[in-house]
Amino acid sequence: MTPGSPCRRLVVGCGYLGRRVAQSWRDAGDQVYAATRGGSADTLAQAGLSPLTMDVTRLPASIALPAVDTVVFAVGRDRTAATSMFDIHVTGLRAVLDGLPGSTGRVIYVSSTGVYGQDSGDWVDEESECEPAHEGGQACLAGERLLFAHPRGRNAIVLRLAGLYGPARVPHRAAIAAGRLIAGAPAGYMNLIHVDDAARAVAAAAALGPVVGRTYVVSDGRPPTRGEYVARLAARLGVAPPRFEGGSGLGKRVRNARAVDELGLRLEYPSYREGLAAS
């Protein structure tokens, strides 16, 4: 890639986050391939993207993906299909990695803070022990290890994202508006990142200089308790705070210091308060 010239990008999974990442690069003048399961190819093409219709869990062994400078794997689960998280984050990720040309640049894998199993309010970061309790976290951790062991993982970056929120995706909004019980303990922590700030983290990871197997936690670093969050959202909606049901764990609190210091991540929404106001 010549300095200053447009980049070639491949975004695998153009959902809530991936679509924003792809569009931001397209707006910057890059050529962006947008891989989707189908149904949105025409919309992606109209947005100036180059759609690739494919299901990562069913890729043929002979698939040849385009040569690009950056690959982002941000595939979410299709709850209407009979696929598991391991189908996506292990089988699917391996198929994509195997299908990339040898000239491929950086691979960015969107993982999750679900890889941490701590449940006593502990602060965690990239050096903390990972013992995920649920399938999603277990699959993401397996995907991380697969990536770093693969030849395409030589200059890869893993982004462990906290809970995404933003326009049309506000946690607990529907339940609070309807007055339903909220699952979980009010003293438990919520780790959040606005989708626009998450997209900035992906762009920063793509622009970072050479690394060897680097991992970054991406959150706003200011986790509220579930009770605090729900009370503020209820006030914004003009309804009474709902009651809580079940759950005794406190969860974990994730730090974002490495992403701030090394990626230079500057948050437009430094806490859920600013994010809710904008969402």
# chains A, B, ... in the order shown; residues from 1 in each chain; ligands from 1
>>> closest_atom_pairs(of="range 131-235 of chain A", to="range 63-80 of chain A", cutoff="10 Å", atoms="only C-alpha atoms", output="tab-separated table")
residue	atom	partner	partner_atom	distance
A:Gly136	CA	A:Arg77	CA	9.6
A:Ala156	CA	A:Val71	CA	9.4
A:Ile157	CA	A:Val72	CA	9.6
A:Val158	CA	A:Phe73	CA	9.8
A:Val202	CA	A:Val72	CA	8.1
A:Ala203	CA	A:Val72	CA	9.9
A:Ala205	CA	A:Thr70	CA	9.9
A:Ala206	CA	A:Thr70	CA	6.6
A:Ala207	CA	A:Thr70	CA	9.4
>>> residues_around(residues="Asn191 in chain A", least_positions_apart="2", cutoff="12 Å", atoms="only C-alpha atoms", output="PyMOL selection string")
chain A and resi 112-114+116+121+123-124+160-165+171+188-189+193-194+217-226+229+250-256+271-272
>>> residues_around(residues="Ser5 in chain A", least_positions_apart="5", cutoff="12 Å", atoms="only C-alpha atoms", output="PDB file with C-alpha atoms, in the first residue's frame")
ATOM      1  CA  ALA A  28     -12.895   8.150   3.463  1.00  0.00           C
ATOM      2  CA  GLY A  29     -12.404   6.942  -0.123  1.00  0.00           C
ATOM      3  CA  ASP A  30     -11.373   3.342   0.530  1.00  0.00           C
ATOM      4  CA  GLN A  31     -12.567   0.354  -1.456  1.00  0.00           C
ATOM      5  CA  ASP A  69      -5.025  -4.292   3.560  1.00  0.00           C
TER       6      ASP A  69
END
>>> residues_around(residues="Leu141 in chain A", least_positions_apart="6", cutoff="12 Å", atoms="only C-alpha atoms", output="number ranges by chain")
A: 85-86, 89-90, 109-117, 129-135, 147-148, 158-160, 215
>>> residues_around(residues="Ala240 in chain A", least_positions_apart="5", cutoff="9 Å", atoms="only C-alpha atoms", output="ChimeraX atom specification")
/A:176-177,179,231,234-235
>>> write_last_selection(atoms="N, CA and C atoms", output="PDB file, in the first residue's frame")
ATOM      1  N   ILE A 176     -38.205  -1.611  30.357  1.00  0.00           N
ATOM      2  CA  ILE A 176     -38.495  -0.478  31.238  1.00  0.00           C
ATOM      3  C   ILE A 176     -39.750   0.244  30.771  1.00  0.00           C
ATOM      4  N   ALA A 177     -39.867   0.474  29.470  1.00  0.00           N
ATOM      5  CA  ALA A 177     -41.036   1.169  28.935  1.00  0.00           C
ATOM      6  C   ALA A 177     -42.316   0.394  29.206  1.00  0.00           C
ATOM      7  N   GLY A 179     -42.717  -1.683  31.790  1.00  0.00           N
ATOM      8  CA  GLY A 179     -42.874  -1.954  33.211  1.00  0.00           C
ATOM      9  C   GLY A 179     -42.595  -3.383  33.599  1.00  0.00           C
ATOM     10  N   ALA A 231     -32.355   3.211  36.544  1.00  0.00           N
ATOM     11  CA  ALA A 231     -33.025   4.376  37.117  1.00  0.00           C
ATOM     12  C   ALA A 231     -32.899   5.585  36.189  1.00  0.00           C
ATOM     13  N   ALA A 234     -35.046   5.006  33.025  1.00  0.00           N
ATOM     14  CA  ALA A 234     -36.466   5.158  33.347  1.00  0.00           C
ATOM     15  C   ALA A 234     -36.832   6.633  33.468  1.00  0.00           C
ATOM     16  N   ALA A 235     -35.951   7.417  34.083  1.00  0.00           N
ATOM     17  CA  ALA A 235     -36.211   8.853  34.216  1.00  0.00           C
ATOM     18  C   ALA A 235     -36.272   9.522  32.845  1.00  0.00           C
TER      19      ALA A 235
END
>>> closest_residue(among="A:Asp122, A:Glu268, A:Glu228, A:Glu274", to="Ala199 in chain A", atoms="only C-alpha atoms")
A:Glu268
>>> atom_distance(atom1="CA of Ala277 in chain A", atom2="CA of Glu245 in chain A")
26.4 Å
